[in-house]
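Engineer: So that you have it, the file is input31.txt, and it contains compact mmCIF, C-alpha atoms:
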```txt
# COMPACT_ATOMS: atom_id res chain seq x y z
CA MET A 196 -26.79 9.09 -73.09
CA LYS A 197 -28.98 10.23 -76.07
CA ALA A 198 -31.99 12.52 -75.87
CA THR A 199 -34.06 9.75 -77.38
CA ASP A 200 -33.39 7.35 -74.51
CA PRO A 201 -36.57 6.21 -72.75
CA LEU A 202 -35.21 7.26 -69.39
CA ILE A 203 -34.46 10.78 -70.57
CA ARG A 204 -37.90 11.04 -72.13
CA THR A 205 -39.55 9.81 -68.95
CA LEU A 206 -37.61 12.28 -66.84
CA GLN A 207 -38.55 15.13 -69.21
CA VAL A 208 -42.24 14.56 -68.75
CA TRP A 209 -42.11 13.50 -65.10
CA ARG A 210 -43.66 15.97 -62.71
CA VAL A 211 -43.82 15.71 -58.95
CA SER A 212 -46.72 17.38 -57.25
CA PRO A 213 -46.40 16.73 -53.51
CA PRO A 214 -49.30 17.74 -51.27
CA PRO A 215 -48.61 21.07 -49.60
CA ASP A 216 -47.28 20.66 -46.06
CA ALA A 217 -48.64 23.35 -43.77
CA THR A 218 -45.99 22.69 -41.10
CA PHE A 219 -43.00 22.65 -43.46
CA ARG A 220 -41.88 26.20 -42.72
CA ALA A 221 -42.40 25.83 -38.99
CA GLU A 222 -40.48 22.56 -38.96
CA VAL A 223 -37.56 24.12 -40.78
CA TRP A 224 -37.42 26.99 -38.31
CA LYS A 225 -37.69 24.58 -35.45
CA ARG A 226 -34.62 22.73 -36.67
CA ILE A 227 -32.75 25.96 -37.24
CA GLU A 228 -33.57 27.12 -33.71
CA LYS A 229 -32.51 23.81 -32.31
CA HIS A 230 -28.98 24.16 -33.68
CA ARG A 231 -28.68 27.91 -33.31
CA GLY A 232 -25.79 28.71 -31.00
CA ALA A 233 -24.71 25.13 -30.59
CA THR A 234 -21.17 26.22 -29.84
CA TRP A 235 -18.87 24.59 -27.32
CA ARG A 236 -19.30 27.50 -24.95
CA ASN A 237 -23.08 27.42 -25.16
CA TRP A 238 -23.14 23.68 -24.86
CA MET A 239 -21.04 23.88 -21.72
CA ARG A 240 -23.04 26.78 -20.31
CA ALA A 241 -26.31 24.94 -20.41
CA PRO A 242 -25.37 21.94 -18.23
CA ILE A 243 -22.78 23.90 -16.25
CA LEU A 244 -24.22 22.86 -12.92
CA GLY A 245 -24.26 19.20 -13.84
CA VAL A 246 -20.75 19.26 -15.27
CA SER A 247 -19.42 21.17 -12.26
CA ALA A 248 -21.05 18.75 -9.85
CA ALA A 249 -19.65 15.77 -11.76
CA LEU A 250 -16.20 17.33 -11.86
CA PHE A 251 -16.28 18.16 -8.16
CA ALA A 252 -17.51 14.71 -7.20
CA THR A 253 -14.91 13.05 -9.43
CA VAL A 254 -12.04 15.08 -8.03
CA VAL A 255 -13.11 14.60 -4.40
CA LEU A 256 -13.73 10.87 -4.81
CA ALA A 257 -10.54 10.23 -6.75
CA GLY A 258 -8.52 12.32 -4.28
CA TRP A 259 -10.01 10.45 -1.34
CA ILE A 260 -9.37 7.05 -2.94
CA GLY A 261 -5.80 8.07 -3.80
CA HIS A 262 -5.23 9.26 -0.25
CA ALA A 263 -6.64 6.03 1.21
CA VAL A 264 -4.42 3.93 -1.07
CA GLY A 265 -1.41 6.03 -0.07
CA ARG A 266 -2.18 5.58 3.63
CA ALA A 267 -2.59 1.83 3.19
CA GLN A 268 0.72 1.71 1.32
CA MET A 269 2.40 3.65 4.12
CA ARG A 270 1.02 1.29 6.79
CA ASN A 271 2.19 -1.68 4.76
CA ASP A 272 5.69 -0.24 4.29
CA ARG A 273 5.93 0.53 7.99
CA GLU A 274 4.79 -2.96 8.89
CA ILE A 275 7.42 -4.53 6.62
CA LEU A 276 10.18 -2.39 8.12
CA LEU A 277 9.02 -3.06 11.65
CA ALA A 278 8.90 -6.81 11.03
CA THR A 279 12.36 -6.74 9.44
CA TYR A 280 13.71 -4.76 12.37
CA THR A 281 12.15 -7.08 14.95
CA ALA A 282 13.44 -10.13 13.08
CA SER A 283 16.96 -8.70 13.04
CA LEU A 284 16.93 -8.46 16.85
CA ASP A 285 15.03 -11.57 17.87
CA ALA A 286 17.08 -14.76 18.04
CA ARG A 287 13.88 -16.80 18.16
CA VAL A 288 12.97 -15.55 14.69
CA GLN A 289 16.45 -16.17 13.39
CA SER A 290 16.65 -19.67 14.82
CA GLY A 291 13.25 -20.51 13.33
CA LEU A 292 11.73 -21.30 16.70
CA GLY A 293 8.36 -19.85 15.77
CA GLY A 294 5.55 -19.93 18.29
CA GLU A 295 6.09 -23.58 19.16
CA ASN A 296 7.63 -23.07 22.52
CA ARG A 297 4.99 -21.39 24.65
CA MET B 293 -21.60 13.10 -28.77
CA ARG B 294 -18.00 14.08 -29.48
CA ARG B 295 -18.23 16.80 -26.86
CA GLY B 296 -19.59 14.30 -24.38
CA ALA B 297 -16.53 12.16 -24.99
CA VAL B 298 -14.27 15.19 -24.47
CA VAL B 299 -15.99 15.93 -21.15
CA ALA B 300 -15.62 12.29 -20.13
CA ILE B 301 -11.91 12.36 -20.97
CA LEU B 302 -11.50 15.58 -18.99
CA LEU B 303 -13.19 13.96 -16.02
CA VAL B 304 -10.89 10.95 -16.28
CA VAL B 305 -7.83 13.20 -16.45
CA ALA B 306 -9.06 15.24 -13.47
CA ALA B 307 -9.71 12.01 -11.55
CA ALA B 308 -6.22 10.69 -12.35
CA PHE B 309 -4.65 13.96 -11.28
CA ALA B 310 -6.68 14.17 -8.06
CA GLY B 311 -5.96 10.50 -7.34
CA ALA B 312 -2.23 11.00 -7.81
CA LEU B 313 -2.27 14.06 -5.55
CA GLY B 314 -4.27 12.19 -2.92
CA TYR B 315 -1.85 9.26 -3.10
CA ARG B 316 1.13 11.55 -2.63
CA SER B 317 -0.50 13.25 0.34
CA GLY B 318 -1.32 9.88 1.95
CA CYS B 319 1.90 8.05 1.17
CA ASP B 320 5.26 8.70 2.78
CA THR B 321 7.72 8.59 -0.10
CA GLN B 322 10.79 8.29 2.13
CA LEU B 323 9.22 5.42 4.03
CA ARG B 324 8.34 3.84 0.68
CA ALA B 325 11.96 4.11 -0.45
CA ALA B 326 13.21 2.67 2.86
CA ALA B 327 10.81 -0.27 2.61
CA ARG B 328 11.84 -0.95 -0.98
CA GLN B 329 15.51 -0.96 -0.06
CA GLY B 330 14.94 -2.74 3.25
CA ASP B 331 16.69 0.19 4.92
CA VAL B 332 15.61 -0.31 8.53
CA SER B 333 18.11 2.25 9.86
CA ALA B 334 16.62 5.03 7.73
CA TRP B 335 13.16 4.11 8.97
CA LEU B 336 14.26 3.95 12.61
CA ARG B 337 15.94 7.31 12.35
CA ARG B 338 12.94 8.94 10.77
CA GLU B 339 10.20 7.17 12.72
CA PHE B 340 11.70 8.05 16.10
CA HIS B 341 13.19 11.43 15.18
CA LEU B 342 16.71 10.36 16.07
CA THR B 343 19.50 12.91 16.12
CA GLY B 344 22.92 11.94 14.83
CA SER B 345 24.26 11.16 18.29
CA GLN B 346 21.14 9.23 19.32
CA PHE B 347 21.35 7.20 16.14
CA ALA B 348 25.05 6.46 16.68
CA ALA B 349 24.38 5.37 20.27
CA ILE B 350 21.55 3.07 19.15
CA GLU B 351 23.69 1.63 16.37
CA LYS B 352 26.34 0.83 18.96
CA LEU B 353 23.76 -0.80 21.23
CA HIS B 354 22.55 -2.92 18.33
CA ARG B 355 26.10 -3.90 17.42
CA ASP B 356 26.84 -4.89 21.02
CA TYR B 357 23.58 -6.77 21.28
CA SER B 358 24.24 -8.74 18.10
CA ALA B 359 26.81 -10.85 20.01
CA VAL B 360 24.25 -11.54 22.74
CA CYS B 361 21.63 -12.32 20.13
CA GLU B 362 23.99 -14.68 18.38
CA GLU B 363 24.58 -16.55 21.63
CA HIS B 364 20.82 -16.87 22.21
CA CYS B 365 20.37 -18.03 18.67
CA ARG B 366 23.03 -20.71 19.08
CA ALA B 367 21.55 -21.88 22.40
CA ILE B 368 18.01 -22.08 21.00
CA ARG B 369 19.17 -23.98 17.93
CA GLU B 370 21.11 -26.40 20.09
CA SER B 371 18.12 -27.04 22.39
CA LYS B 372 15.85 -27.40 19.40
CA ARG B 373 18.22 -29.90 17.79
CA GLU B 374 18.38 -31.92 21.02
CA ARG B 375 14.61 -31.90 21.36
CA ASP B 376 14.10 -32.91 17.72
CA ALA B 377 16.69 -35.69 17.97
CA LEU B 378 15.00 -36.99 21.11
CA ARG B 379 11.64 -36.90 19.39
CA ALA B 380 13.02 -38.90 16.49
CA VAL B 381 14.96 -41.49 18.49
CA HIS B 382 12.93 -41.85 21.72
CA PRO B 383 9.44 -40.58 20.98
CA SER B 384 8.00 -42.53 23.91
CA ASP B 385 10.40 -41.12 26.50
CA THR B 386 8.02 -38.44 27.71
CA ALA B 387 10.13 -37.44 30.71
CA ALA B 388 13.20 -36.73 28.59
CA LEU B 389 11.08 -35.04 25.94
CA SER B 390 9.37 -32.72 28.38
CA ALA B 391 12.76 -31.89 29.93
CA ALA B 392 14.05 -30.99 26.47
CA GLU B 393 10.94 -28.92 25.79
CA ARG B 394 11.45 -27.14 29.11
CA ARG B 395 15.07 -26.36 28.24
CA LEU B 396 14.00 -24.94 24.92
CA ALA B 397 11.28 -22.86 26.58
CA GLU B 398 13.80 -21.55 29.14
CA ARG B 399 16.21 -20.51 26.43
CA SER B 400 13.42 -18.86 24.50
CA ALA B 401 12.34 -16.99 27.64
CA GLU B 402 15.95 -15.92 28.32
CA CYS B 403 16.15 -14.61 24.76
CA GLU B 404 12.90 -12.72 25.21
CA SER B 405 13.86 -11.07 28.49
CA SER B 406 17.30 -10.20 27.14
CA LEU B 407 15.71 -8.63 24.07
CA LEU B 408 13.26 -6.67 26.22
CA ARG B 409 16.18 -5.29 28.26
CA HIS B 410 17.89 -4.33 25.03
CA LEU B 411 14.74 -2.57 23.82
CA ASP B 412 14.62 -0.63 27.10
CA ALA B 413 18.22 0.45 26.57
CA VAL B 414 17.46 1.53 22.99
CA ALA B 415 14.37 3.45 24.13
CA GLY B 416 16.53 5.12 26.78
CA GLU B 417 18.61 6.72 24.04
CA MET B 418 15.55 8.29 22.44
CA ALA B 419 13.57 11.36 23.41
CA PRO B 420 11.08 10.33 26.15
CA GLU B 421 8.01 10.47 23.94
CA ASP B 422 9.70 8.58 21.10
CA GLY B 423 11.13 6.05 23.52
CA ARG B 424 7.69 5.40 24.95
CA ARG B 425 6.28 4.96 21.45
CA TYR B 426 9.15 2.66 20.49
CA LEU B 427 8.47 0.39 23.46
CA GLU B 428 4.73 0.44 22.82
CA LEU B 429 5.45 -0.69 19.30
CA MET B 430 8.12 -3.28 20.00
CA ARG B 431 7.16 -4.93 23.30
CA PRO B 432 3.89 -6.48 22.11
CA ARG B 433 5.65 -7.84 19.03
CA VAL B 434 8.37 -9.48 21.04
CA ALA B 435 5.84 -10.86 23.52
CA ALA B 436 3.51 -12.04 20.76
CA TYR B 437 6.23 -13.90 18.89
CA GLY B 438 6.32 -16.78 21.32
CA HIS B 439 2.59 -17.29 20.82
CA ALA B 440 2.14 -16.77 17.13
CA GLY B 441 5.47 -16.50 15.37
CA ALA B 442 6.88 -13.19 14.18
CA PRO B 443 3.93 -10.80 14.09
CA GLY B 444 3.39 -9.19 10.74
CA LEU B 445 6.46 -10.78 9.26
CA ASP B 446 6.33 -10.58 5.51
CA LEU B 447 6.60 -14.20 4.54
CA GLU B 448 6.85 -13.34 0.85
CA SER B 449 10.23 -11.75 1.40
CA PRO B 450 13.28 -13.85 1.97
CA GLN B 451 13.74 -14.66 5.68
CA PRO B 452 16.86 -13.10 7.19
CA GLU B 453 19.10 -16.05 7.96
CA HIS B 454 20.99 -14.32 10.69
CA ALA B 455 21.55 -10.64 11.11
CA HIS B 456 24.77 -10.81 13.06
```
The structure given in the file should be rewritten as structure tokens.

Structural biologist:
Amino acid sequence: MKATDPLIRTLQVWRVSPPPDATFRAEVWKRIEKHRGATWRNWMRAPILGVSAALFATVVLAGWIGHAVGRAQMRNDREILLATYTASLDARVQSGLGGENR
Amino acid sequence: MRRGAVVAILLVVAAAFAGALGYRSGCDTQLRAAARQGDVSAWLRREFHLTGSQFAAIEKLHRDYSAVCEEHCRAIRESKRERDALRAVHPSDTAALSAAERRLAERSAECESSLLRHLDAVAGEMAPEDGRRYLELMRPRVAAYGHAGAPGLDLESPQPEHAH
């Protein structure tokens, strides 16, 4: 690009004169303050109560649900074994009599 | 935003861990294994706290009873066959049909009372508290079968043809 190019000439004479912003400095400091100390530890410290409550609730709820599922599984397993055991002893089951004869 | 995602993942991991622990505390792993393998003996032994000698005595009772059970099974099948044949050939012969039904009902009742006596004998080999629990568990099932079929029988699993 040559120094005689119209674009270069335009840029050489171009001057920007923005109106002074009285809040510029304050805004910059505000943004700096906003991000000051935004470390993981500080981030965690601020909502520590909320995070702890969520963690506690999650663990208790998940543990309770897991326990309930386990209990249901145990009842089901027991029921299957009991039915198998009863069927192995009851000639009516084995002969396919069903409930037809009462 | 990224930290939020990390916290969410941590919560999910904590939930999975707590859920797995809860499941383990609620589920009986030995019972689970017995149900998977269809190992009724293991369940019986564990459920009713049977000692080696109690278990052996109960196994013997079951073995001895299997011959009785087989006889009941044969008699019921025979009566059922007669009744079904009568139904097919002489459906209007109500007197003969009701006699056949009565015979079948009698054989079913004999089977039931014989099984209840066997259950009493099995319970007698257990510790008193376990024996009482065994009868409380088994008697209603045996009694209910005549009314509603095998109670709680898992119909998804293959039906035992004959256990003798």

Engineer: Find the residues around region 416-428 of chain B up to 9 Å (all atoms listed in the file counted), leave out those fewer than 3 positions away in its own chain, and share them as a ChimeraX atom specification.

Structural biologist: /B:339-343,346-347,349-350,408,411-413,431-432

Engineer: Set the distance at 12 Å and use all atoms listed in the file: which residues neighbour Val360 (chain B) once local chain neighbours fewer than 2 positions away are removed? I'd like the list as a list in words.

Structural biologist: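 So the residues in contact are Leu284, Asp285 and Ala286 of chain A; Leu353, His354, Arg355, Asp356, Tyr357, Ser358, Glu362, Glu363, His364, Cys365, Arg366, Ala367, Glu402, Cys403, Glu404, Ser405, Ser406, Leu407, Arg409, His410, Ala455 and His456 of chain B.
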
Engineer: If I take CA of Cys319 (chain B) and CA of Val305 (chain B), how far is one from the other in Å, to one decimal?

Structural biologist: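 Separating CA of Cys319 (chain B) from CA of Val305 (chain B) is a distance of 20.8 Å.
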
Engineer: If you measure from CA of Ala348 (chain B) to CA of Glu274 (chain A), what distance in Å do you get, rounded to one decimal?

Structural biologist: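 One can read the CA of Ala348 (chain B) to CA of Glu274 (chain A) distance as 23.7 Å.
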
Engineer: Residues of chain A no more than 8 Å from chain B, counting all atoms listed in the file: send them over as a PDB file with C-alpha atoms, keeping the file's coordinate frame.

Structural biologist:
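Final output, saved to selection-v8.pdb:
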```pdb
ATOM      1  CA  TRP A 235     -18.870  24.590 -27.320  1.00  0.00           C
ATOM      2  CA  ALA A 249     -19.650  15.770 -11.760  1.00  0.00           C
ATOM      3  CA  LEU A 250     -16.200  17.330 -11.860  1.00  0.00           C
ATOM      4  CA  THR A 253     -14.910  13.050  -9.430  1.00  0.00           C
ATOM      5  CA  VAL A 254     -12.040  15.080  -8.030  1.00  0.00           C
ATOM      6  CA  VAL A 255     -13.110  14.600  -4.400  1.00  0.00           C
ATOM      7  CA  LEU A 256     -13.730  10.870  -4.810  1.00  0.00           C
ATOM      8  CA  ALA A 257     -10.540  10.230  -6.750  1.00  0.00           C
ATOM      9  CA  GLY A 258      -8.520  12.320  -4.280  1.00  0.00           C
ATOM     10  CA  TRP A 259     -10.010  10.450  -1.340  1.00  0.00           C
ATOM     11  CA  ILE A 260      -9.370   7.050  -2.940  1.00  0.00           C
ATOM     12  CA  GLY A 261      -5.800   8.070  -3.800  1.00  0.00           C
ATOM     13  CA  HIS A 262      -5.230   9.260  -0.250  1.00  0.00           C
ATOM     14  CA  ALA A 263      -6.640   6.030   1.210  1.00  0.00           C
ATOM     15  CA  VAL A 264      -4.420   3.930  -1.070  1.00  0.00           C
ATOM     16  CA  GLY A 265      -1.410   6.030  -0.070  1.00  0.00           C
ATOM     17  CA  ARG A 266      -2.180   5.580   3.630  1.00  0.00           C
ATOM     18  CA  ALA A 267      -2.590   1.830   3.190  1.00  0.00           C
ATOM     19  CA  GLN A 268       0.720   1.710   1.320  1.00  0.00           C
ATOM     20  CA  MET A 269       2.400   3.650   4.120  1.00  0.00           C
ATOM     21  CA  ASP A 272       5.690  -0.240   4.290  1.00  0.00           C
ATOM     22  CA  ARG A 273       5.930   0.530   7.990  1.00  0.00           C
ATOM     23  CA  GLU A 274       4.790  -2.960   8.890  1.00  0.00           C
ATOM     24  CA  ILE A 275       7.420  -4.530   6.620  1.00  0.00           C
ATOM     25  CA  LEU A 276      10.180  -2.390   8.120  1.00  0.00           C
ATOM     26  CA  LEU A 277       9.020  -3.060  11.650  1.00  0.00           C
ATOM     27  CA  ALA A 278       8.900  -6.810  11.030  1.00  0.00           C
ATOM     28  CA  THR A 279      12.360  -6.740   9.440  1.00  0.00           C
ATOM     29  CA  TYR A 280      13.710  -4.760  12.370  1.00  0.00           C
ATOM     30  CA  THR A 281      12.150  -7.080  14.950  1.00  0.00           C
ATOM     31  CA  ALA A 282      13.440 -10.130  13.080  1.00  0.00           C
ATOM     32  CA  SER A 283      16.960  -8.700  13.040  1.00  0.00           C
ATOM     33  CA  LEU A 284      16.930  -8.460  16.850  1.00  0.00           C
ATOM     34  CA  ASP A 285      15.030 -11.570  17.870  1.00  0.00           C
ATOM     35  CA  ALA A 286      17.080 -14.760  18.040  1.00  0.00           C
ATOM     36  CA  ARG A 287      13.880 -16.800  18.160  1.00  0.00           C
ATOM     37  CA  VAL A 288      12.970 -15.550  14.690  1.00  0.00           C
ATOM     38  CA  GLN A 289      16.450 -16.170  13.390  1.00  0.00           C
ATOM     39  CA  SER A 290      16.650 -19.670  14.820  1.00  0.00           C
ATOM     40  CA  LEU A 292      11.730 -21.300  16.700  1.00  0.00           C
ATOM     41  CA  GLY A 293       8.360 -19.850  15.770  1.00  0.00           C
ATOM     42  CA  GLY A 294       5.550 -19.930  18.290  1.00  0.00           C
ATOM     43  CA  GLU A 295       6.090 -23.580  19.160  1.00  0.00           C
ATOM     44  CA  ASN A 296       7.630 -23.070  22.520  1.00  0.00           C
ATOM     45  CA  ARG A 297       4.990 -21.390  24.650  1.00  0.00           C
TER      46      ARG A 297
END
```

Engineer: One decimal, Å: what's the distance from CA of Ala391 (chain B) over to CA of Leu378 (chain B), could you say?

Structural biologist: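 Going from CA of Ala391 (chain B) over to CA of Leu378 (chain B) covers 10.4 Å.
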